[in-house]
Amino acid sequence: MPSKRYFYLTNIPDLDAEIINAECLALTGSAPDSHGLAVSLACTDVRRGAYVRSCAELLFEGGSISDICAKIRAADLYADDFRVSVVKLPRNLEVNSLRIAHELGAEIGGRPDLDRPRVKFLTVIKGEKILFGKLLSESDGRWVAHNSRPHVTSSSLPTRLARAIVNLTASLGDRILDPCCGTGTIILEAAQMGMIAVGYDINVRMVGATRKNLDHYGLSAEVCLGDARQISGRFDAVITDFPYGIGLAKDPTVDREILRRIRQLAPRAAFVHTRDLSSELVDIGYFIERVVPVRKHTMVRKIFIASTRNDPGWG
């Protein structure tokens with residue numbers, strides 16, 4: 001019996017192609033094509049997705065709408081309170097989405113409900129290829145609300161990017177540490193996704209800002225005043241955006257001391273910096289799994305996804 005397959009829709013890869021591809025790979029095991037479509041054997045709940053928008057179980061595929069209609073009839077597909085949605089790839093594809101949705105819906109047994117469907121069927125039309133499936137999950141988009149957090153700095157990570165970085169590094173239920181938490185963008189996203197989040201910052205104002213941001217959204221996390229070079233404990237992942245604002249001293253020695261300390265705290269890590277940390281990470285014993293560049297105007301942030309997988313006794 002053939003294995004079930006699932007298809008995912010992401011944002012269309014453009015200027016953010018690297019981070020979109022990386023998140024899709026991390027969550028689904030497959031990279032999206034140039035139109036933002038990925039097909040995988042893995043079934044993933046994408047409510048936590050930043051750039052991965054939806055997951056559907058692939059029920060039928062064919063080369064025409066009539067092919068899909070015939071397969072729906074043959075399978076005697078039935079659902080009450082359903083709706084059929086159509087996605088065109090590319091979006092300017094000249095097909096009548098409403099007509100196609102009506103044709104497919106007419107073949108499904110049961111009662112449609114376009115306003116409050118309990119079951120959603122998703123049809124993707126991509127040239128000569130048509131995928132028809134049952135929608136399983138969609139991104140909750142809660143990172144959008146965090147754009148309005150009361151405390152932010154000019155160098156704070158965008159909330160969508162922060163959510164994607166957490167998805168690249170951690171799993172639901174993990175205990176994660178941000179040792180340079182700033183105003184808490186990473187902490188907010190991790191806490192909202194249900195992870196156990198712990199943040200540290202050496203600046204008392206940043207600690208206060210993170211706590212106020214968490215309170216604003218009714219989220220809980222442990223936030224402490226402390227030097228990242230002196231943190232102790234055990235975590236599943238460390239995720240941090242190194243300070244690099246205009247008013248901050250740029251001292252690579254401090255960065256290296258922080259990295260050496262972090263190396264003892266968790267087997268997985270994500271580091272965000274404007275400079276190349278590759279040689280330093282390798283020198284202290286990290287295995288670099290991926291480097292993802294993210295552009296913002298003239299600045300390029302680099303996300304280093306690293307692990308201690310070559311050292312089972314990482315602690």
# chains A, B, ... in the order shown; residues from 1 in each chain; ligands from 1

call {"tool": "closest_atom_pairs", "arguments": {"of": "range 111-167 of chain A", "to": "range 15-23 of chain A", "cutoff": "10 Å", "atoms": "only C-alpha atoms", "output": "tab-separated table"}}
result
residue	atom	partner	partner_atom	distance
A:Leu161	CA	A:Ile19	CA	8.1
A:Arg163	CA	A:Glu23	CA	9.6
A:Ala164	CA	A:Glu23	CA	6.0
A:Ile165	CA	A:Glu23	CA	7.8
A:Val166	CA	A:Glu23	CA	9.3
A:Asn167	CA	A:Glu23	CA	6.5

call {"tool": "write_last_selection", "arguments": {"atoms": "C-alpha atoms", "output": "PDB file, in the first residue's frame"}}
result
ATOM      1  CA  LEU A 161      11.968  35.810  11.253  1.00  0.00           C
ATOM      2  CA  ARG A 163       9.513  32.429  14.693  1.00  0.00           C
ATOM      3  CA  ALA A 164      11.197  30.832  11.683  1.00  0.00           C
ATOM      4  CA  ILE A 165      14.529  30.613  13.530  1.00  0.00           C
ATOM      5  CA  VAL A 166      12.848  28.887  16.470  1.00  0.00           C
ATOM      6  CA  ASN A 167      11.299  26.423  13.999  1.00  0.00           C
TER       7      ASN A 167
END

call {"tool": "residues_around", "arguments": {"residues": "Asn11 in chain A", "least_positions_apart": "3", "cutoff": "8 Å", "atoms": "only C-alpha atoms", "output": "ChimeraX atom specification"}}
result
/A:20,36,51-53

call {"tool": "write_last_selection", "arguments": {"atoms": "N, CA, C and O atoms", "output": "mmCIF file, in the first residue's frame"}}
result
data_model
loop_
_atom_site.group_PDB
_atom_site.id
_atom_site.type_symbol
_atom_site.label_atom_id
_atom_site.label_comp_id
_atom_site.auth_asym_id
_atom_site.auth_seq_id
_atom_site.Cartn_x
_atom_site.Cartn_y
_atom_site.Cartn_z
ATOM 1 N N ILE A 20 12.739 30.843 3.836
ATOM 2 C CA ILE A 20 11.528 30.081 3.516
ATOM 3 C C ILE A 20 11.878 28.623 3.253
ATOM 4 O O ILE A 20 11.243 27.704 3.788
ATOM 5 N N GLY A 36 6.400 27.881 -4.249
ATOM 6 C CA GLY A 36 6.037 27.715 -2.845
ATOM 7 C C GLY A 36 5.264 26.450 -2.550
ATOM 8 O O GLY A 36 4.538 26.388 -1.547
ATOM 9 N N TYR A 51 6.614 30.889 7.591
ATOM 10 C CA TYR A 51 6.512 30.996 6.133
ATOM 11 C C TYR A 51 5.784 29.802 5.525
ATOM 12 O O TYR A 51 5.308 29.880 4.391
ATOM 13 N N VAL A 52 5.719 28.683 6.242
ATOM 14 C CA VAL A 52 4.924 27.534 5.805
ATOM 15 C C VAL A 52 3.481 27.811 6.212
ATOM 16 O O VAL A 52 3.180 27.987 7.394
ATOM 17 N N ARG A 53 2.585 27.865 5.230
ATOM 18 C CA ARG A 53 1.239 28.385 5.485
ATOM 19 C C ARG A 53 0.182 27.310 5.678
ATOM 20 O O ARG A 53 -0.795 27.514 6.389
#

call {"tool": "residues_around", "arguments": {"residues": "Val291 in chain A", "least_positions_apart": "4", "cutoff": "7 Å", "atoms": "only C-alpha atoms", "output": "ChimeraX atom specification"}}
result
/A:302-305

call {"tool": "closest_residue", "arguments": {"among": "A:Ala50, A:Ile202, A:Ile239, A:Val124", "to": "Gly226 in chain A", "atoms": "only C-alpha atoms"}}
result
A:Ile202

call {"tool": "select_by_dssp", "arguments": {"residues": "range 23-170 of chain A", "states": "strand (DSSP E)", "output": "PDB file with N, CA, C and O atoms, in the first residue's frame"}}
result
ATOM      1  N   LEU A  37       5.424  25.412  -3.365  1.00  0.00           N
ATOM      2  CA  LEU A  37       4.740  24.129  -3.158  1.00  0.00           C
ATOM      3  C   LEU A  37       5.768  23.062  -2.809  1.00  0.00           C
ATOM      4  O   LEU A  37       6.784  22.906  -3.491  1.00  0.00           O
ATOM      5  N   ALA A  38       5.509  22.324  -1.729  1.00  0.00           N
ATOM      6  CA  ALA A  38       6.372  21.199  -1.334  1.00  0.00           C
ATOM      7  C   ALA A  38       5.504  19.969  -1.123  1.00  0.00           C
ATOM      8  O   ALA A  38       4.383  20.073  -0.626  1.00  0.00           O
ATOM      9  N   VAL A  39       6.025  18.809  -1.506  1.00  0.00           N
ATOM     10  CA  VAL A  39       5.334  17.533  -1.294  1.00  0.00           C
ATOM     11  C   VAL A  39       6.237  16.659  -0.440  1.00  0.00           C
ATOM     12  O   VAL A  39       7.448  16.571  -0.677  1.00  0.00           O
ATOM     13  N   SER A  40       5.648  16.013   0.571  1.00  0.00           N
ATOM     14  CA  SER A  40       6.456  15.286   1.545  1.00  0.00           C
ATOM     15  C   SER A  40       5.709  14.063   2.053  1.00  0.00           C
ATOM     16  O   SER A  40       4.474  14.008   2.008  1.00  0.00           O
ATOM     17  N   VAL A  52       5.719  28.683   6.242  1.00  0.00           N
ATOM     18  CA  VAL A  52       4.924  27.534   5.805  1.00  0.00           C
ATOM     19  C   VAL A  52       3.481  27.811   6.212  1.00  0.00           C
ATOM     20  O   VAL A  52       3.180  27.987   7.394  1.00  0.00           O
ATOM     21  N   ARG A  53       2.585  27.865   5.230  1.00  0.00           N
ATOM     22  CA  ARG A  53       1.239  28.385   5.485  1.00  0.00           C
ATOM     23  C   ARG A  53       0.182  27.310   5.678  1.00  0.00           C
ATOM     24  O   ARG A  53      -0.795  27.514   6.389  1.00  0.00           O
ATOM     25  N   SER A  54       0.328  26.152   5.022  1.00  0.00           N
ATOM     26  CA  SER A  54      -0.731  25.137   5.125  1.00  0.00           C
ATOM     27  C   SER A  54      -0.196  23.755   4.825  1.00  0.00           C
ATOM     28  O   SER A  54       0.816  23.591   4.135  1.00  0.00           O
ATOM     29  N   CYS A  55      -0.886  22.757   5.371  1.00  0.00           N
ATOM     30  CA  CYS A  55      -0.582  21.345   5.133  1.00  0.00           C
ATOM     31  C   CYS A  55      -1.871  20.639   4.745  1.00  0.00           C
ATOM     32  O   CYS A  55      -2.905  20.807   5.405  1.00  0.00           O
ATOM     33  N   ALA A  56      -1.816  19.847   3.682  1.00  0.00           N
ATOM     34  CA  ALA A  56      -2.983  19.077   3.249  1.00  0.00           C
ATOM     35  C   ALA A  56      -2.567  17.652   2.923  1.00  0.00           C
ATOM     36  O   ALA A  56      -1.479  17.418   2.390  1.00  0.00           O
ATOM     37  N   GLU A  57      -3.434  16.707   3.276  1.00  0.00           N
ATOM     38  CA  GLU A  57      -3.200  15.329   2.869  1.00  0.00           C
ATOM     39  C   GLU A  57      -3.550  15.196   1.386  1.00  0.00           C
ATOM     40  O   GLU A  57      -4.635  15.589   0.957  1.00  0.00           O
ATOM     41  N   LEU A  58      -2.622  14.669   0.612  1.00  0.00           N
ATOM     42  CA  LEU A  58      -2.848  14.519  -0.822  1.00  0.00           C
ATOM     43  C   LEU A  58      -3.772  13.326  -1.057  1.00  0.00           C
ATOM     44  O   LEU A  58      -3.414  12.177  -0.771  1.00  0.00           O
ATOM     45  N   LEU A  59      -4.960  13.613  -1.582  1.00  0.00           N
ATOM     46  CA  LEU A  59      -5.930  12.556  -1.859  1.00  0.00           C
ATOM     47  C   LEU A  59      -5.853  12.084  -3.308  1.00  0.00           C
ATOM     48  O   LEU A  59      -5.833  10.885  -3.571  1.00  0.00           O
ATOM     49  N   PHE A  60      -5.808  13.032  -4.234  1.00  0.00           N
ATOM     50  CA  PHE A  60      -5.777  12.695  -5.657  1.00  0.00           C
ATOM     51  C   PHE A  60      -4.884  13.680  -6.396  1.00  0.00           C
ATOM     52  O   PHE A  60      -4.747  14.830  -6.000  1.00  0.00           O
ATOM     53  N   GLU A  61      -4.291  13.212  -7.491  1.00  0.00           N
ATOM     54  CA  GLU A  61      -3.597  14.121  -8.397  1.00  0.00           C
ATOM     55  C   GLU A  61      -3.878  13.686  -9.822  1.00  0.00           C
ATOM     56  O   GLU A  61      -4.157  12.515 -10.096  1.00  0.00           O
ATOM     57  N   GLY A  62      -3.841  14.642 -10.724  1.00  0.00           N
ATOM     58  CA  GLY A  62      -4.151  14.340 -12.116  1.00  0.00           C
ATOM     59  C   GLY A  62      -3.725  15.476 -13.020  1.00  0.00           C
ATOM     60  O   GLY A  62      -3.172  16.477 -12.575  1.00  0.00           O
ATOM     61  N   PHE A  82     -18.560  21.055   4.091  1.00  0.00           N
ATOM     62  CA  PHE A  82     -17.248  21.171   3.461  1.00  0.00           C
ATOM     63  C   PHE A  82     -17.180  22.386   2.543  1.00  0.00           C
ATOM     64  O   PHE A  82     -18.193  22.953   2.140  1.00  0.00           O
ATOM     65  N   ARG A  83     -15.959  22.748   2.238  1.00  0.00           N
ATOM     66  CA  ARG A  83     -15.701  23.797   1.252  1.00  0.00           C
ATOM     67  C   ARG A  83     -14.501  23.394   0.416  1.00  0.00           C
ATOM     68  O   ARG A  83     -13.558  22.785   0.931  1.00  0.00           O
ATOM     69  N   VAL A  84     -14.544  23.718  -0.870  1.00  0.00           N
ATOM     70  CA  VAL A  84     -13.417  23.467  -1.768  1.00  0.00           C
ATOM     71  C   VAL A  84     -12.771  24.807  -2.100  1.00  0.00           C
ATOM     72  O   VAL A  84     -13.447  25.732  -2.560  1.00  0.00           O
ATOM     73  N   SER A  85     -11.478  24.919  -1.839  1.00  0.00           N
ATOM     74  CA  SER A  85     -10.717  26.124  -2.192  1.00  0.00           C
ATOM     75  C   SER A  85      -9.730  25.788  -3.297  1.00  0.00           C
ATOM     76  O   SER A  85      -9.247  24.650  -3.398  1.00  0.00           O
ATOM     77  N   VAL A  86      -9.429  26.766  -4.120  1.00  0.00           N
ATOM     78  CA  VAL A  86      -8.531  26.573  -5.257  1.00  0.00           C
ATOM     79  C   VAL A  86      -7.378  27.560  -5.167  1.00  0.00           C
ATOM     80  O   VAL A  86      -7.589  28.765  -4.959  1.00  0.00           O
ATOM     81  N   VAL A  87      -6.168  27.049  -5.307  1.00  0.00           N
ATOM     82  CA  VAL A  87      -4.963  27.878  -5.332  1.00  0.00           C
ATOM     83  C   VAL A  87      -4.304  27.714  -6.691  1.00  0.00           C
ATOM     84  O   VAL A  87      -4.090  26.580  -7.153  1.00  0.00           O
ATOM     85  N   LYS A  88      -3.994  28.829  -7.341  1.00  0.00           N
ATOM     86  CA  LYS A  88      -3.334  28.798  -8.648  1.00  0.00           C
ATOM     87  C   LYS A  88      -1.848  29.090  -8.493  1.00  0.00           C
ATOM     88  O   LYS A  88      -1.467  30.038  -7.799  1.00  0.00           O
ATOM     89  N   VAL A 119     -14.845  20.809   7.196  1.00  0.00           N
ATOM     90  CA  VAL A 119     -13.866  20.095   6.372  1.00  0.00           C
ATOM     91  C   VAL A 119     -13.509  20.991   5.190  1.00  0.00           C
ATOM     92  O   VAL A 119     -14.391  21.515   4.507  1.00  0.00           O
ATOM     93  N   LYS A 120     -12.217  21.190   4.987  1.00  0.00           N
ATOM     94  CA  LYS A 120     -11.761  22.021   3.876  1.00  0.00           C
ATOM     95  C   LYS A 120     -10.938  21.174   2.911  1.00  0.00           C
ATOM     96  O   LYS A 120      -9.996  20.489   3.322  1.00  0.00           O
ATOM     97  N   PHE A 121     -11.327  21.213   1.652  1.00  0.00           N
ATOM     98  CA  PHE A 121     -10.559  20.549   0.603  1.00  0.00           C
ATOM     99  C   PHE A 121      -9.788  21.611  -0.167  1.00  0.00           C
ATOM    100  O   PHE A 121     -10.324  22.675  -0.499  1.00  0.00           O
ATOM    101  N   LEU A 122      -8.532  21.318  -0.438  1.00  0.00           N
ATOM    102  CA  LEU A 122      -7.654  22.282  -1.092  1.00  0.00           C
ATOM    103  C   LEU A 122      -7.208  21.725  -2.440  1.00  0.00           C
ATOM    104  O   LEU A 122      -6.711  20.596  -2.524  1.00  0.00           O
ATOM    105  N   THR A 123      -7.400  22.520  -3.475  1.00  0.00           N
ATOM    106  CA  THR A 123      -6.995  22.145  -4.828  1.00  0.00           C
ATOM    107  C   THR A 123      -5.883  23.087  -5.281  1.00  0.00           C
ATOM    108  O   THR A 123      -6.043  24.308  -5.221  1.00  0.00           O
ATOM    109  N   VAL A 124      -4.768  22.521  -5.700  1.00  0.00           N
ATOM    110  CA  VAL A 124      -3.656  23.316  -6.218  1.00  0.00           C
ATOM    111  C   VAL A 124      -3.528  23.026  -7.706  1.00  0.00           C
ATOM    112  O   VAL A 124      -3.367  21.869  -8.115  1.00  0.00           O
ATOM    113  N   ILE A 125      -3.627  24.077  -8.504  1.00  0.00           N
ATOM    114  CA  ILE A 125      -3.495  23.949  -9.952  1.00  0.00           C
ATOM    115  C   ILE A 125      -2.161  24.553 -10.351  1.00  0.00           C
ATOM    116  O   ILE A 125      -1.915  25.751 -10.155  1.00  0.00           O
ATOM    117  N   LYS A 126      -1.293  23.715 -10.882  1.00  0.00           N
ATOM    118  CA  LYS A 126       0.047  24.154 -11.260  1.00  0.00           C
ATOM    119  C   LYS A 126       0.326  23.654 -12.677  1.00  0.00           C
ATOM    120  O   LYS A 126       0.816  22.538 -12.869  1.00  0.00           O
ATOM    121  N   LYS A 129      -0.445  20.059 -13.795  1.00  0.00           N
ATOM    122  CA  LYS A 129      -0.504  19.208 -12.605  1.00  0.00           C
ATOM    123  C   LYS A 129      -1.527  19.752 -11.630  1.00  0.00           C
ATOM    124  O   LYS A 129      -1.527  20.942 -11.316  1.00  0.00           O
ATOM    125  N   ILE A 130      -2.402  18.881 -11.144  1.00  0.00           N
ATOM    126  CA  ILE A 130      -3.431  19.290 -10.190  1.00  0.00           C
ATOM    127  C   ILE A 130      -3.363  18.381  -8.973  1.00  0.00           C
ATOM    128  O   ILE A 130      -3.355  17.154  -9.107  1.00  0.00           O
ATOM    129  N   LEU A 131      -3.299  18.994  -7.799  1.00  0.00           N
ATOM    130  CA  LEU A 131      -3.302  18.263  -6.539  1.00  0.00           C
ATOM    131  C   LEU A 131      -4.597  18.575  -5.804  1.00  0.00           C
ATOM    132  O   LEU A 131      -5.017  19.733  -5.733  1.00  0.00           O
ATOM    133  N   PHE A 132      -5.209  17.540  -5.257  1.00  0.00           N
ATOM    134  CA  PHE A 132      -6.448  17.713  -4.489  1.00  0.00           C
ATOM    135  C   PHE A 132      -6.262  17.036  -3.147  1.00  0.00           C
ATOM    136  O   PHE A 132      -5.877  15.861  -3.069  1.00  0.00           O
ATOM    137  N   GLY A 133      -6.532  17.768  -2.075  1.00  0.00           N
ATOM    138  CA  GLY A 133      -6.306  17.174  -0.763  1.00  0.00           C
ATOM    139  C   GLY A 133      -7.216  17.743   0.296  1.00  0.00           C
ATOM    140  O   GLY A 133      -7.986  18.684   0.074  1.00  0.00           O
ATOM    141  N   LYS A 134      -7.109  17.165   1.474  1.00  0.00           N
ATOM    142  CA  LYS A 134      -7.876  17.597   2.641  1.00  0.00           C
ATOM    143  C   LYS A 134      -6.966  18.439   3.522  1.00  0.00           C
ATOM    144  O   LYS A 134      -5.901  17.978   3.956  1.00  0.00           O
ATOM    145  N   LEU A 135      -7.384  19.659   3.769  1.00  0.00           N
ATOM    146  CA  LEU A 135      -6.589  20.567   4.582  1.00  0.00           C
ATOM    147  C   LEU A 135      -6.527  20.064   6.026  1.00  0.00           C
ATOM    148  O   LEU A 135      -7.553  19.783   6.640  1.00  0.00           O
ATOM    149  N   LEU A 136      -5.296  19.976   6.558  1.00  0.00           N
ATOM    150  CA  LEU A 136      -5.105  19.479   7.921  1.00  0.00           C
ATOM    151  C   LEU A 136      -4.755  20.582   8.905  1.00  0.00           C
ATOM    152  O   LEU A 136      -5.176  20.547  10.064  1.00  0.00           O
ATOM    153  N   SER A 137      -3.950  21.544   8.484  1.00  0.00           N
ATOM    154  CA  SER A 137      -3.562  22.619   9.401  1.00  0.00           C
ATOM    155  C   SER A 137      -3.110  23.833   8.605  1.00  0.00           C
ATOM    156  O   SER A 137      -2.672  23.726   7.456  1.00  0.00           O
ATOM    157  N   GLU A 138      -3.215  24.997   9.266  1.00  0.00           N
ATOM    158  CA  GLU A 138      -2.763  26.254   8.681  1.00  0.00           C
ATOM    159  C   GLU A 138      -1.997  27.050   9.726  1.00  0.00           C
ATOM    160  O   GLU A 138      -2.264  26.928  10.929  1.00  0.00           O
TER     161      GLU A 138
END

call {"tool": "residues_around", "arguments": {"residues": "range 263-267 of chain A", "least_positions_apart": "5", "cutoff": "9 Å", "atoms": "only C-alpha atoms", "output": "PyMOL selection string"}}
result
chain A and resi 176-177+231-238+258+284-286+306-309+311-312+314-315

call {"tool": "atom_distance", "arguments": {"atom1": "CA of Val204 in chain A", "atom2": "CA of Leu225 in chain A"}}
result
6.2 Å

call {"tool": "residues_around", "arguments": {"residues": "Ser148 in chain A", "least_positions_apart": "4", "cutoff": "12 Å", "atoms": "only C-alpha atoms", "output": "list in words"}}
result
Arg142, Trp143, Val144, Val152, Pro158, Thr159, Thr185, Asn213, His216 and Tyr217 of chain A

call {"tool": "write_last_selection", "arguments": {"atoms": "N, CA and C atoms", "output": "tab-separated table (two decimals), in the first residue's frame"}}
result
chain	number	residue	atom	x	y	z
A	142	ARG	N	0.13	34.06	14.49
A	142	ARG	CA	0.12	34.87	15.71
A	142	ARG	C	1.33	35.78	15.83
A	143	TRP	N	2.37	35.49	15.07
A	143	TRP	CA	3.54	36.37	15.09
A	143	TRP	C	3.17	37.79	14.63
A	144	VAL	N	2.11	37.90	13.82
A	144	VAL	CA	1.71	39.22	13.32
A	144	VAL	C	1.37	40.16	14.48
A	152	VAL	N	10.55	47.62	21.71
A	152	VAL	CA	11.33	47.12	20.58
A	152	VAL	C	12.51	48.06	20.36
A	158	PRO	N	12.76	40.89	13.27
A	158	PRO	CA	11.34	40.84	12.90
A	158	PRO	C	10.70	39.60	13.53
A	159	THR	N	9.47	39.72	13.97
A	159	THR	CA	8.84	38.61	14.69
A	159	THR	C	8.69	37.37	13.80
A	185	THR	N	12.22	39.12	21.50
A	185	THR	CA	11.50	38.67	20.31
A	185	THR	C	11.50	37.16	20.19
A	213	ASN	N	6.87	42.89	27.52
A	213	ASN	CA	6.34	42.36	26.26
A	213	ASN	C	5.59	41.05	26.49
A	216	HIS	N	2.30	41.78	28.14
A	216	HIS	CA	1.36	42.40	27.20
A	216	HIS	C	0.54	41.36	26.45
A	217	TYR	N	1.16	40.19	26.17
A	217	TYR	CA	0.46	39.13	25.43
A	217	TYR	C	0.01	37.98	26.31

call {"tool": "select_by_dssp", "arguments": {"residues": "range 71-266 of chain A", "states": "helix (DSSP H, G or I)", "output": "JSON, numbers by chain"}}
result
{"A": [71, 72, 73, 74, 75, 97, 98, 99, 100, 101, 102, 103, 104, 105, 106, 107, 143, 144, 145, 146, 159, 160, 161, 162, 163, 164, 165, 166, 167, 168, 169, 185, 186, 187, 188, 189, 190, 191, 192, 204, 205, 206, 207, 208, 209, 210, 211, 212, 213, 214, 215, 216, 228, 229, 230, 252, 253, 254, 255, 256, 257, 258, 259, 260, 261, 262]}

call {"tool": "atom_distance", "arguments": {"atom1": "CA of Leu89 in chain A", "atom2": "CA of Ser3 in chain A"}}
result
25.3 Å

call {"tool": "closest_residue", "arguments": {"among": "A:Glu128, A:Asp227, A:Phe242, A:Arg73", "to": "Val95 in chain A", "atoms": "only C-alpha atoms"}}
result
A:Glu128

call {"tool": "closest_residue", "arguments": {"among": "A:Leu27, A:Leu9, A:Ala191, A:Ile196", "to": "Asp215 in chain A", "atoms": "only C-alpha atoms"}}
result
A:Ala191

call {"tool": "closest_residue", "arguments": {"among": "A:Arg175, A:Arg256, A:Lys4, A:Lys296", "to": "Leu157 in chain A", "atoms": "only C-alpha atoms"}}
result
A:Lys296

call {"tool": "closest_residue", "arguments": {"among": "A:Ala42, A:Ala79, A:Val254, A:Ala269", "to": "Gly29 in chain A", "atoms": "only C-alpha atoms"}}
result
A:Ala42

call {"tool": "decode", "arguments": {"residues": "range 1-12 of chain A", "atoms": "N, CA, C and O atoms", "output": "compact mmCIF listing (two decimals), in the first residue's frame"}}
result
# COMPACT_ATOMS: atom_id res chain seq x y z
N MET A 1 0.85 -1.19 0.00
CA MET A 1 0.00 0.00 0.00
C MET A 1 0.89 1.25 0.00
O MET A 1 1.81 1.37 0.81
N PRO A 2 0.68 2.17 -0.95
CA PRO A 2 1.54 3.35 -1.03
C PRO A 2 1.42 4.23 0.20
O PRO A 2 0.36 4.31 0.83
N SER A 3 2.52 4.87 0.55
CA SER A 3 2.52 5.75 1.71
C SER A 3 1.71 7.01 1.43
O SER A 3 1.63 7.48 0.30
N LYS A 4 1.10 7.53 2.47
CA LYS A 4 0.39 8.80 2.32
C LYS A 4 1.40 9.91 2.02
O LYS A 4 2.54 9.88 2.48
N ARG A 5 0.93 10.87 1.25
CA ARG A 5 1.75 12.04 0.97
C ARG A 5 0.99 13.30 1.36
O ARG A 5 -0.24 13.30 1.43
N TYR A 6 1.74 14.34 1.58
CA TYR A 6 1.17 15.60 2.04
C TYR A 6 1.77 16.73 1.23
O TYR A 6 2.95 16.67 0.82
N PHE A 7 0.97 17.74 0.97
CA PHE A 7 1.53 18.89 0.27
C PHE A 7 1.38 20.14 1.11
O PHE A 7 0.43 20.30 1.88
N TYR A 8 2.37 21.00 0.98
CA TYR A 8 2.50 22.21 1.79
C TYR A 8 2.60 23.43 0.88
O TYR A 8 3.25 23.37 -0.17
N LEU A 9 1.99 24.50 1.31
CA LEU A 9 2.12 25.77 0.63
C LEU A 9 2.89 26.73 1.53
O LEU A 9 2.60 26.85 2.73
N THR A 10 3.88 27.38 0.96
CA THR A 10 4.66 28.38 1.68
C THR A 10 4.48 29.73 1.00
O THR A 10 3.86 29.84 -0.06
N ASN A 11 5.04 30.76 1.62
CA ASN A 11 5.16 32.00 0.89
C ASN A 11 5.98 31.73 -0.37
O ASN A 11 6.86 30.87 -0.38
N ILE A 12 5.69 32.46 -1.42
CA ILE A 12 6.45 32.27 -2.66
C ILE A 12 7.89 32.73 -2.43
O ILE A 12 8.12 33.88 -2.04
